[in-house]
Every structure is written in C-alpha cells, then in structure tokens.
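This is run_12.pdb. It holds PDB, C-alpha atoms.
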```pdb
ATOM      1  CA  MET Q   1     -15.959  12.399 -12.228
ATOM      2  CA  ASN Q   2     -18.360  10.686  -9.823
ATOM      3  CA  GLY Q   3     -17.477   7.410  -8.154
ATOM      4  CA  ILE Q   4     -13.688   7.842  -8.103
ATOM      5  CA  THR Q   5     -11.863   7.605  -4.772
ATOM      6  CA  ILE Q   6      -8.474   9.307  -4.547
ATOM      7  CA  LEU Q   7      -5.806   7.731  -2.338
ATOM      8  CA  ASP Q   8      -2.711   9.478  -1.016
ATOM      9  CA  GLY Q   9       0.842   8.975  -2.285
ATOM     10  CA  GLY Q  10       3.962   7.325  -0.917
ATOM     11  CA  MET Q  11       4.815   8.360   2.633
ATOM     12  CA  GLY Q  12       8.430   7.214   2.894
ATOM     13  CA  LYS Q  13      10.065   9.267   0.177
ATOM     14  CA  PHE Q  14       7.764  12.216   0.832
ATOM     15  CA  LEU Q  15       8.813  12.248   4.480
ATOM     16  CA  ARG Q  16      12.397  12.457   3.281
ATOM     17  CA  ARG Q  17      11.494  15.311   0.932
ATOM     18  CA  ILE Q  18       9.953  17.420   3.726
ATOM     19  CA  GLY Q  19      12.952  16.950   6.000
ATOM     20  CA  ALA Q  20      11.843  14.111   8.264
ATOM     21  CA  PRO Q  21      14.448  11.718   9.659
ATOM     22  CA  PHE Q  22      14.854   9.038   7.021
ATOM     23  CA  ARG Q  23      17.257   6.178   6.417
ATOM     24  CA  GLN Q  24      17.394   2.487   5.683
ATOM     25  CA  PRO Q  25      16.429   0.084   7.133
ATOM     26  CA  GLU Q  26      13.785   1.962   9.186
ATOM     27  CA  TRP Q  27      12.380   3.753   6.116
ATOM     28  CA  SER Q  28       9.184   5.634   6.990
ATOM     29  CA  ALA Q  29       9.116   4.225  10.537
ATOM     30  CA  LEU Q  30      11.988   6.492  11.567
ATOM     31  CA  ALA Q  31       9.742   9.567  11.422
ATOM     32  CA  LEU Q  32       7.302   7.880  13.794
ATOM     33  CA  ILE Q  33      10.154   7.263  16.209
ATOM     34  CA  GLU Q  34      11.921  10.609  15.985
ATOM     35  CA  SER Q  35       9.542  13.196  14.484
ATOM     36  CA  PRO Q  36       5.806  12.367  14.545
ATOM     37  CA  ASP Q  37       4.916  15.953  13.563
ATOM     38  CA  HIS Q  38       6.421  15.277  10.143
ATOM     39  CA  VAL Q  39       4.036  12.357   9.724
ATOM     40  CA  VAL Q  40       1.006  14.566  10.405
ATOM     41  CA  ASP Q  41       2.405  17.172   8.015
ATOM     42  CA  ALA Q  42       2.820  14.576   5.256
ATOM     43  CA  HIS Q  43      -0.719  13.255   5.723
ATOM     44  CA  THR Q  44      -2.068  16.794   5.693
ATOM     45  CA  GLN Q  45      -0.268  17.747   2.497
ATOM     46  CA  PHE Q  46      -1.719  14.719   0.717
ATOM     47  CA  ILE Q  47      -5.177  15.621   2.003
ATOM     48  CA  ASP Q  48      -4.725  19.205   0.818
ATOM     49  CA  ALA Q  49      -3.787  17.802  -2.612
ATOM     50  CA  GLY Q  50      -7.099  15.966  -2.814
ATOM     51  CA  ALA Q  51      -6.602  12.591  -1.145
ATOM     52  CA  GLN Q  52      -9.870  11.221   0.191
ATOM     53  CA  VAL Q  53      -8.195   8.237   1.871
ATOM     54  CA  ILE Q  54      -4.873   8.389   3.715
ATOM     55  CA  ILE Q  55      -2.978   5.253   4.700
ATOM     56  CA  THR Q  56      -1.446   4.837   8.147
ATOM     57  CA  ASN Q  57       2.327   5.157   8.281
ATOM     58  CA  ASN Q  58       3.065   1.711   9.726
ATOM     59  CA  TYR Q  59       4.237   0.080   6.494
ATOM     60  CA  ALA Q  60       7.781  -0.224   7.862
ATOM     61  CA  VAL Q  61       6.767  -1.016  11.444
ATOM     62  CA  VAL Q  62       7.548  -4.687  10.923
ATOM     63  CA  PRO Q  63      10.452  -6.921  11.978
ATOM     64  CA  TYR Q  64      11.942  -6.717   8.494
ATOM     65  CA  HIS Q  65      12.606  -2.997   8.854
ATOM     66  CA  LEU Q  66      13.024  -2.617  12.610
ATOM     67  CA  GLY Q  67      14.574  -5.958  13.489
ATOM     68  CA  ASP Q  68      12.994  -8.516  15.796
ATOM     69  CA  GLU Q  69      14.238  -7.005  19.051
ATOM     70  CA  ARG Q  70      13.223  -3.437  18.275
ATOM     71  CA  PHE Q  71       9.876  -4.541  16.903
ATOM     72  CA  ALA Q  72       9.163  -6.521  20.060
ATOM     73  CA  ALA Q  73      10.016  -3.493  22.202
ATOM     74  CA  GLN Q  74       8.418  -0.686  20.178
ATOM     75  CA  GLY Q  75       6.248  -2.196  17.465
ATOM     76  CA  ALA Q  76       2.879  -2.061  19.216
ATOM     77  CA  ASP Q  77       3.329   1.540  20.342
ATOM     78  CA  LEU Q  78       4.506   2.687  16.917
ATOM     79  CA  ILE Q  79       1.625   0.960  15.146
ATOM     80  CA  GLU Q  80      -0.832   2.666  17.475
ATOM     81  CA  LEU Q  81       0.913   6.011  16.994
ATOM     82  CA  SER Q  82       0.633   5.681  13.208
ATOM     83  CA  GLY Q  83      -3.113   5.206  13.581
ATOM     84  CA  ARG Q  84      -3.514   8.116  15.982
ATOM     85  CA  LEU Q  85      -1.575  10.505  13.724
ATOM     86  CA  ALA Q  86      -3.524   9.536  10.606
ATOM     87  CA  ARG Q  87      -6.814   9.893  12.472
ATOM     88  CA  GLN Q  88      -5.718  13.314  13.728
ATOM     89  CA  ALA Q  89      -4.933  14.517  10.215
ATOM     90  CA  ALA Q  90      -8.138  13.064   8.760
ATOM     91  CA  ASP Q  91     -10.399  14.454  11.477
ATOM     92  CA  THR Q  92      -8.820  17.891  11.215
ATOM     93  CA  ALA Q  93      -9.489  17.920   7.475
ATOM     94  CA  GLY Q  94     -13.071  16.721   7.683
ATOM     95  CA  VAL Q  95     -14.461  13.970   5.468
ATOM     96  CA  VAL Q  96     -11.317  11.915   4.928
ATOM     97  CA  LEU Q  97     -11.046   8.179   5.534
ATOM     98  CA  VAL Q  98      -8.139   6.396   7.200
ATOM     99  CA  GLY Q  99      -6.876   3.193   5.621
ATOM    100  CA  GLY Q 100      -5.080   0.830   7.957
ATOM    101  CA  SER Q 101      -1.953  -0.536   6.300
ATOM    102  CA  MET Q 102      -1.483  -4.302   6.440
ATOM    103  CA  PRO Q 103       1.973  -4.506   4.857
ATOM    104  CA  PRO Q 104       4.220  -7.380   3.820
ATOM    105  CA  LEU Q 105       5.979  -8.466   7.017
ATOM    106  CA  PHE Q 106       9.128 -10.035   5.662
ATOM    107  CA  GLY Q 107      10.148  -7.741   2.813
ATOM    108  CA  SER Q 108       8.450  -6.039  -0.115
ATOM    109  CA  TYR Q 109       8.582  -8.050  -3.351
ATOM    110  CA  GLU Q 110       9.878 -11.104  -1.418
ATOM    111  CA  PRO Q 111       7.232 -13.850  -1.583
ATOM    112  CA  ASP Q 112       9.815 -16.528  -0.794
ATOM    113  CA  LEU Q 113      10.454 -14.914   2.603
ATOM    114  CA  PHE Q 114       6.828 -15.127   3.747
ATOM    115  CA  ASP Q 115       6.692 -17.010   7.057
ATOM    116  CA  ALA Q 116       3.214 -18.472   7.503
ATOM    117  CA  ASP Q 117       4.006 -19.516  11.069
ATOM    118  CA  ARG Q 118       5.030 -16.043  12.300
ATOM    119  CA  ALA Q 119       2.628 -13.960  10.233
ATOM    120  CA  PRO Q 120      -0.649 -14.550  12.130
ATOM    121  CA  GLU Q 121       0.662 -13.193  15.424
ATOM    122  CA  ILE Q 122       2.172 -10.085  13.813
ATOM    123  CA  TYR Q 123      -0.913  -9.274  11.741
ATOM    124  CA  ALA Q 124      -3.073  -9.756  14.838
ATOM    125  CA  LEU Q 125      -0.909  -7.215  16.656
ATOM    126  CA  ILE Q 126      -1.307  -4.697  13.838
ATOM    127  CA  VAL Q 127      -5.081  -5.055  13.802
ATOM    128  CA  GLN Q 128      -5.357  -4.804  17.577
ATOM    129  CA  HIS Q 129      -3.428  -1.535  17.670
ATOM    130  CA  LEU Q 130      -4.886   0.108  14.548
ATOM    131  CA  ASP Q 131      -8.493  -0.992  14.698
ATOM    132  CA  ARG Q 132      -9.993   1.972  16.548
ATOM    133  CA  PHE Q 133      -8.441   4.479  14.134
ATOM    134  CA  VAL Q 134      -9.261   3.040  10.703
ATOM    135  CA  ASP Q 135     -12.253   3.111   8.357
ATOM    136  CA  VAL Q 136     -10.965   0.504   5.906
ATOM    137  CA  TRP Q 137      -8.146  -2.039   5.947
ATOM    138  CA  ILE Q 138      -5.669  -1.937   3.061
ATOM    139  CA  ALA Q 139      -3.670  -5.133   2.621
ATOM    140  CA  GLU Q 140      -0.967  -3.742   0.378
ATOM    141  CA  THR Q 141       2.054  -4.721  -1.706
ATOM    142  CA  LEU Q 142       1.132  -8.391  -1.428
ATOM    143  CA  SER Q 143       3.215 -10.740  -3.560
ATOM    144  CA  LEU Q 144       1.241 -13.938  -3.005
ATOM    145  CA  VAL Q 145      -2.389 -14.671  -2.311
ATOM    146  CA  ALA Q 146      -1.537 -16.673   0.835
ATOM    147  CA  GLU Q 147      -0.672 -13.392   2.560
ATOM    148  CA  LEU Q 148      -4.246 -12.253   2.106
ATOM    149  CA  ASP Q 149      -5.645 -15.360   3.781
ATOM    150  CA  VAL Q 150      -3.649 -14.619   6.937
ATOM    151  CA  ILE Q 151      -4.535 -10.927   6.905
ATOM    152  CA  VAL Q 152      -8.247 -11.618   6.502
ATOM    153  CA  ALA Q 153      -8.138 -14.107   9.384
ATOM    154  CA  ALA Q 154      -6.519 -11.514  11.662
ATOM    155  CA  ILE Q 155      -9.038  -8.834  10.718
ATOM    156  CA  ARG Q 156     -11.972 -11.198  11.175
ATOM    157  CA  GLU Q 157     -10.770 -12.096  14.675
ATOM    158  CA  HIS Q 158      -9.558  -8.732  15.939
ATOM    159  CA  GLY Q 159     -11.146  -6.040  13.748
ATOM    160  CA  SER Q 160     -14.407  -4.164  14.096
ATOM    161  CA  GLY Q 161     -15.989  -5.056  10.778
ATOM    162  CA  GLN Q 162     -14.318  -2.513   8.508
ATOM    163  CA  PRO Q 163     -14.125  -3.508   4.825
ATOM    164  CA  ILE Q 164     -10.867  -4.790   3.336
ATOM    165  CA  TRP Q 165      -9.138  -3.594   0.182
ATOM    166  CA  ALA Q 166      -6.681  -6.193  -1.128
ATOM    167  CA  SER Q 167      -3.776  -4.770  -3.118
ATOM    168  CA  PHE Q 168      -1.117  -6.804  -4.907
ATOM    169  CA  SER Q 169       2.303  -5.829  -6.263
ATOM    170  CA  LEU Q 170       3.375  -6.771  -9.766
ATOM    171  CA  PRO Q 171       6.822  -7.578 -11.212
ATOM    172  CA  ASP Q 172       8.667  -5.223 -13.523
ATOM    173  CA  ALA Q 173       8.203  -7.612 -16.446
ATOM    174  CA  TYR Q 174       5.880 -10.524 -17.139
ATOM    175  CA  ASP Q 175       7.124 -13.934 -18.188
ATOM    176  CA  GLY Q 176       4.166 -14.839 -20.310
ATOM    177  CA  GLU Q 177       0.836 -14.336 -18.519
ATOM    178  CA  ILE Q 178       0.284 -11.545 -16.020
ATOM    179  CA  ALA Q 179       1.229 -12.827 -12.569
ATOM    180  CA  LEU Q 180       2.608 -11.739  -9.215
ATOM    181  CA  ARG Q 181       6.241 -12.334  -8.275
ATOM    182  CA  SER Q 182       5.152 -15.552  -6.578
ATOM    183  CA  GLY Q 183       3.662 -16.818  -9.811
ATOM    184  CA  ASP Q 184       0.110 -16.401  -8.518
ATOM    185  CA  THR Q 185      -2.155 -15.277 -11.347
ATOM    186  CA  ILE Q 186      -5.125 -12.964 -11.548
ATOM    187  CA  ASP Q 187      -7.292 -16.087 -11.533
ATOM    188  CA  ASP Q 188      -5.722 -16.972  -8.169
ATOM    189  CA  ILE Q 189      -6.532 -13.474  -6.910
ATOM    190  CA  ILE Q 190     -10.135 -13.839  -8.063
ATOM    191  CA  ASN Q 191     -10.422 -17.180  -6.280
ATOM    192  CA  VAL Q 192      -9.104 -15.896  -2.942
ATOM    193  CA  VAL Q 193     -11.338 -12.828  -3.153
ATOM    194  CA  ILE Q 194     -14.362 -15.041  -3.831
ATOM    195  CA  GLU Q 195     -13.445 -17.004  -0.705
ATOM    196  CA  HIS Q 196     -13.500 -13.794   1.349
ATOM    197  CA  ALA Q 197     -16.152 -11.931  -0.628
ATOM    198  CA  ASP Q 198     -18.100 -11.021   2.502
ATOM    199  CA  VAL Q 199     -15.297  -8.747   3.751
ATOM    200  CA  ILE Q 200     -13.319  -7.672   0.658
ATOM    201  CA  ASP Q 201     -14.698  -4.559  -1.019
ATOM    202  CA  ALA Q 202     -11.900  -3.806  -3.488
ATOM    203  CA  VAL Q 203      -9.042  -5.414  -5.382
ATOM    204  CA  LEU Q 204      -6.103  -3.234  -6.360
ATOM    205  CA  PHE Q 205      -2.536  -3.295  -7.605
ATOM    206  CA  ASN Q 206       0.153  -1.103  -6.039
ATOM    207  CA  CYS Q 207       3.875  -0.415  -5.786
ATOM    208  CA  ALA Q 208       4.561  -1.456  -9.359
ATOM    209  CA  LEU Q 209       5.480   0.360 -12.540
ATOM    210  CA  PRO Q 210       2.389   2.166 -13.861
ATOM    211  CA  GLU Q 211       2.842   0.702 -17.336
ATOM    212  CA  GLN Q 212       2.816  -2.821 -15.877
ATOM    213  CA  MET Q 213      -0.350  -2.121 -13.963
ATOM    214  CA  THR Q 214      -2.357  -1.122 -17.024
ATOM    215  CA  PRO Q 215      -2.740  -4.613 -18.593
ATOM    216  CA  ALA Q 216      -3.193  -6.136 -15.129
ATOM    217  CA  ILE Q 217      -6.048  -3.771 -14.266
ATOM    218  CA  ILE Q 218      -7.678  -4.420 -17.636
ATOM    219  CA  GLU Q 219      -7.496  -8.191 -17.097
ATOM    220  CA  LEU Q 220      -8.636  -7.835 -13.494
ATOM    221  CA  ALA Q 221     -11.680  -5.816 -14.596
ATOM    222  CA  GLU Q 222     -12.623  -8.459 -17.145
ATOM    223  CA  LYS Q 223     -12.307 -11.315 -14.678
ATOM    224  CA  VAL Q 224     -14.101  -9.501 -11.873
ATOM    225  CA  ALA Q 225     -17.007  -8.926 -14.264
ATOM    226  CA  ALA Q 226     -16.974 -12.550 -15.398
ATOM    227  CA  SER Q 227     -16.965 -13.787 -11.811
ATOM    228  CA  GLU Q 228     -19.826 -11.447 -10.861
ATOM    229  CA  LEU Q 229     -17.857 -10.299  -7.824
ATOM    230  CA  ASP Q 230     -19.196  -7.105  -6.283
ATOM    231  CA  VAL Q 231     -15.855  -5.362  -5.698
ATOM    232  CA  ARG Q 232     -14.249  -2.137  -6.806
ATOM    233  CA  ILE Q 233     -10.909  -2.200  -8.603
ATOM    234  CA  GLY Q 234      -8.022   0.229  -8.897
ATOM    235  CA  GLY Q 235      -4.351   0.896  -8.440
ATOM    236  CA  TYR Q 236      -1.640   3.119  -7.058
ATOM    237  CA  ALA Q 237       1.697   2.846  -8.809
ATOM    238  CA  ASN Q 238       5.240   3.789  -7.837
ATOM    239  CA  GLY Q 239       7.632   6.160  -9.569
ATOM    240  CA  PHE Q 240      10.634   3.854  -9.510
ATOM    241  CA  PRO Q 241      12.774   3.560 -12.637
ATOM    242  CA  ASP Q 242      12.968  -0.227 -12.135
ATOM    243  CA  ALA Q 243      12.454  -1.906  -8.780
ATOM    244  CA  ARG Q 244      14.810  -4.734  -9.729
ATOM    245  CA  GLN Q 245      17.726  -2.994 -11.356
ATOM    246  CA  PRO Q 246      21.099  -4.759 -11.153
ATOM    247  CA  GLY Q 247      22.442  -4.422  -7.643
ATOM    248  CA  TYR Q 248      19.009  -4.039  -6.068
ATOM    249  CA  THR Q 249      18.957  -5.048  -2.415
ATOM    250  CA  ALA Q 250      15.908  -4.578  -0.217
ATOM    251  CA  ASN Q 251      16.580  -2.235   2.705
ATOM    252  CA  ASN Q 252      19.719  -1.011   0.976
ATOM    253  CA  THR Q 253      18.796   0.478  -2.396
ATOM    254  CA  LEU Q 254      17.176   3.909  -2.564
ATOM    255  CA  PHE Q 255      15.911   5.023  -5.958
ATOM    256  CA  ASP Q 256      15.225   8.501  -7.271
ATOM    257  CA  ARG Q 257      11.988   9.309  -9.071
ATOM    258  CA  ARG Q 258      12.185   8.292 -12.715
ATOM    259  CA  PRO Q 259      12.713  11.439 -14.812
ATOM    260  CA  ASP Q 260      10.222  10.602 -17.565
ATOM    261  CA  LEU Q 261       7.212  10.426 -15.248
ATOM    262  CA  ASP Q 262       5.572  13.662 -14.134
ATOM    263  CA  ALA Q 263       2.158  14.329 -12.654
ATOM    264  CA  ALA Q 264       0.519  14.908 -16.028
ATOM    265  CA  SER Q 265       1.929  11.775 -17.659
ATOM    266  CA  TYR Q 266       0.969   9.685 -14.642
ATOM    267  CA  ALA Q 267      -2.590  10.991 -14.851
ATOM    268  CA  GLU Q 268      -2.673   9.980 -18.524
ATOM    269  CA  ILE Q 269      -1.724   6.410 -17.582
ATOM    270  CA  VAL Q 270      -4.262   6.352 -14.757
ATOM    271  CA  ALA Q 271      -6.928   7.443 -17.248
ATOM    272  CA  THR Q 272      -6.528   4.074 -18.988
ATOM    273  CA  TRP Q 273      -7.266   2.358 -15.658
ATOM    274  CA  VAL Q 274     -10.356   4.479 -15.143
ATOM    275  CA  ASP Q 275     -11.492   3.664 -18.657
ATOM    276  CA  ALA Q 276     -11.134  -0.024 -17.738
ATOM    277  CA  GLY Q 277     -13.306   0.430 -14.660
ATOM    278  CA  ALA Q 278     -10.916   1.485 -11.897
ATOM    279  CA  THR Q 279     -12.589   3.605  -9.239
ATOM    280  CA  ILE Q 280      -9.799   3.738  -6.609
ATOM    281  CA  ILE Q 281      -6.611   5.520  -7.697
ATOM    282  CA  GLY Q 282      -3.596   7.113  -6.050
ATOM    283  CA  GLY Q 283       0.160   6.857  -5.783
ATOM    284  CA  CYS Q 284       2.728   4.712  -4.018
ATOM    285  CA  CYS Q 285       6.492   5.179  -3.536
ATOM    286  CA  ASP Q 286       7.918   8.323  -5.173
ATOM    287  CA  MET Q 287       4.439   9.700  -5.787
ATOM    288  CA  TYR Q 288       3.921  13.093  -4.199
ATOM    289  CA  PRO Q 289       1.159  15.641  -3.491
ATOM    290  CA  GLU Q 290       1.481  17.128  -6.960
ATOM    291  CA  ASP Q 291       0.703  13.709  -8.457
ATOM    292  CA  ILE Q 292      -2.347  13.325  -6.222
ATOM    293  CA  ALA Q 293      -3.437  16.873  -7.075
ATOM    294  CA  ALA Q 294      -3.320  16.020 -10.773
ATOM    295  CA  LEU Q 295      -5.471  12.936 -10.195
ATOM    296  CA  SER Q 296      -7.901  14.900  -8.058
ATOM    297  CA  ALA Q 297      -8.207  17.663 -10.641
ATOM    298  CA  ARG Q 298      -8.908  15.224 -13.438
ATOM    299  CA  PHE Q 299     -10.930  12.505 -11.727
ATOM    300  CA  GLY Q 300     -12.139  13.897  -8.415
TER     301      GLY Q 300
END
```

Structure rendered as structure tokens:
Amino acid sequence: MNGITILDGGMGKFLRRIGAPFRQPEWSALALIESPDHVVDAHTQFIDAGAQVIITNNYAVVPYHLGDERFAAQGADLIELSGRLARQAADTAGVVLVGGSMPPLFGSYEPDLFDADRAPEIYALIVQHLDRFVDVWIAETLSLVAELDVIVAAIREHGSGQPIWASFSLPDAYDGEIALRSGDTIDDIINVVIEHADVIDAVLFNCALPEQMTPAIIELAEKVAASELDVRIGGYANGFPDARQPGYTANNTLFDRRPDLDAASYAEIVATWVDAGATIIGGCCDMYPEDIAALSARFG
C-alpha cells in the first residue's frame, strides 16, 4: 500500500527480551550504559521486520529515569550514543530514517509533573547531541500540548531544520470527550500544530491502548481536514493490559504483554486507522518485530 510509513516497535521491553541489561528505573537506558551492542541488535531486528523509521533509544535518558546526578554526569554522552547507534543500524540497512526521540522528561503519563522552568535546558541538550544523527524529530508520549511548545522551541534554536512529528499519549478511558491525561483536547492539539505548522509534518498518538487510539485517530483526521492543515497522521500503540491498573507506579510497575493481542489482531486494529487516513504506523511498548512485520506485510 503506497504512502504508508512503518515505524519500529518498543525498544525497552524488546531489549529485555533479547537479553540486554534491563531494570527499573533505568529502563531502556541501561542497555546504552552496559551493552550498546544490544541496542544495535534491537534496531536491526526492527529494520529486518520492515521498519522504515527507527527511533533513537534515549527515551529513558532523562532525569526521571537516571536521577539528576547521573543525568548531569552521563546524560549528554548517552544521548549522543543513542543517536550514533541508531544511525549505524540505519546506514547499514540502507534506506532507513532515524527519528530523534524527544520524550517526556518528568515521567510518562504525568502531565502534572511537567516542569516548564527545567524543560527548555534539557530539551536543548537532547537536540544538541542528537541533531547530526536524525532525519526527523519525534516528540513522543506527550500528555499536554505545552510540552510541544518547549520541544519546538528547542528544535528551532538548536536543530538543523528536520521536520517534527508530534505524538501524544491517551488515557485508558475517556471521561466524556476524547482528551489527553492533562485534559487537553484534540482541538487543543490542532491549535498548537497550527501555531507550529511550518515545522510539524505529522500528528500521531502513541503509547496508549490500540482500542483507545482508534476513535482519537478518526477524530484527529476529521479535524485536520477541517483545519486544512497539511500534516500526516498516525499512531503506534502499546501492548499493555492497562497502563493504570490498581497499584500502578511509574518506574516500579512492569507489565507483561496483554494475552489477547497478537500481531494479526493488532494489524486489524491498525487497518481502521489506515482507513481513517493514517499514513504513519508502528508499535510502542510491548510491540515487537513480529508486530512490525505484520504491519509491513499488510501495509508496506
């Protein structure tokens, strides 16, 4: 199917699967620190499965996962290493793009923890140390639109003109209208993208239950069309059973892949996104090469 771009899957849990060092709170950053070869292997396996864009493995290279002291000492070097390893895997494979991860800095799914005073300096550091390796910036797992404003400012100041894909995370259930965990709505997303329309090429949802993403992508497609924005849309869901089960604690809880979701059933859900107009698809946490292979076989 022409016009579909296939992203990779979730690095953290896949690194654990292939035997890389893995634990909380470092998550996927631990492999960068202790076993970079595993990171290249993971990127390569996603590429072999059909991924056309791989995302740098710096999602957890933030103070939230490493702690302030360790991030200050090692953060810049680890961010740069994540870019170098992704570029190595992409260049070895051939025509594969590298997406530079611009992750939430103060905890996934935690909009209340966003620190607008600290964020600009940290995002600037990420851009400065990833810029020469990446083809596109992917601002991912955002829980409020204000995060995107800070990310765009950092990329404008320190980047080399690569396009930006803005990707937002959704809650496990909606309380009325479709909205992010912060309460920001799809209308709010449209408005912030209009503000930065000169640099944002795509609007996505990620790291949410695939069933929750379906109505959000449908609404997003309708409102993008109504706004006459020239952006692509898409999504890459997780395989969690429920990201907010009782007892959930960020940096403490580690889920297993939900048993009712396999590669074929995920591809069926993604087909509804494609029907709605999605042209960028992939997987997030607990999504593996076999899931990407199924998407590539059906939509690539």

Expected axis-aligned box over every listed atom of segment 167-186 of chain Q, 6 Å added per side, centre plus edges in Å to one decimal, as JSON:
```
{"center_x": 1.8, "center_y": -10.8, "center_z": -11.7, "size_x": 25.8, "size_y": 24.0, "size_z": 29.2}
```

With a distance cut-off of 8 Å and only C-alpha atoms, select the neighbouring residues of Ile138 of chain Q, excluding the residue or stretch itself and same-chain residues fewer than 4 positions from it, and output the selection as a list in words. Ile55, Gly99, Gly100, Ser101, Met102, Ile164, Trp165, Ala166 and Ser167 of chain Q

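Distances here use only C-alpha atoms; by that measure, the residue among Q:Thr44, Q:Thr92, Q:Thr279, Q:Asn191 closest to Val224 of chain Q is Q:Asn191.
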
Hey, which of Q:Ile189, Q:Gly239, Q:Ile151, Q:Ala73 ends up closest to Ala216 of chain Q? Count all atoms listed in the file. Q:Ile189

Let me know the residues the PyMOL selection byres ((chain Q and resi 190) around 12) catches in the file above, as a PyMOL selection string. chain Q and resi 145+148+166+168+184-189+191-197+200+202-204+219-231+233

Given all atoms listed in the file as the counted atoms, nearest of Q:Thr214, Q:Ser169, Q:Ser82, Q:Asn206 to Val61 of chain Q: Q:Ser82
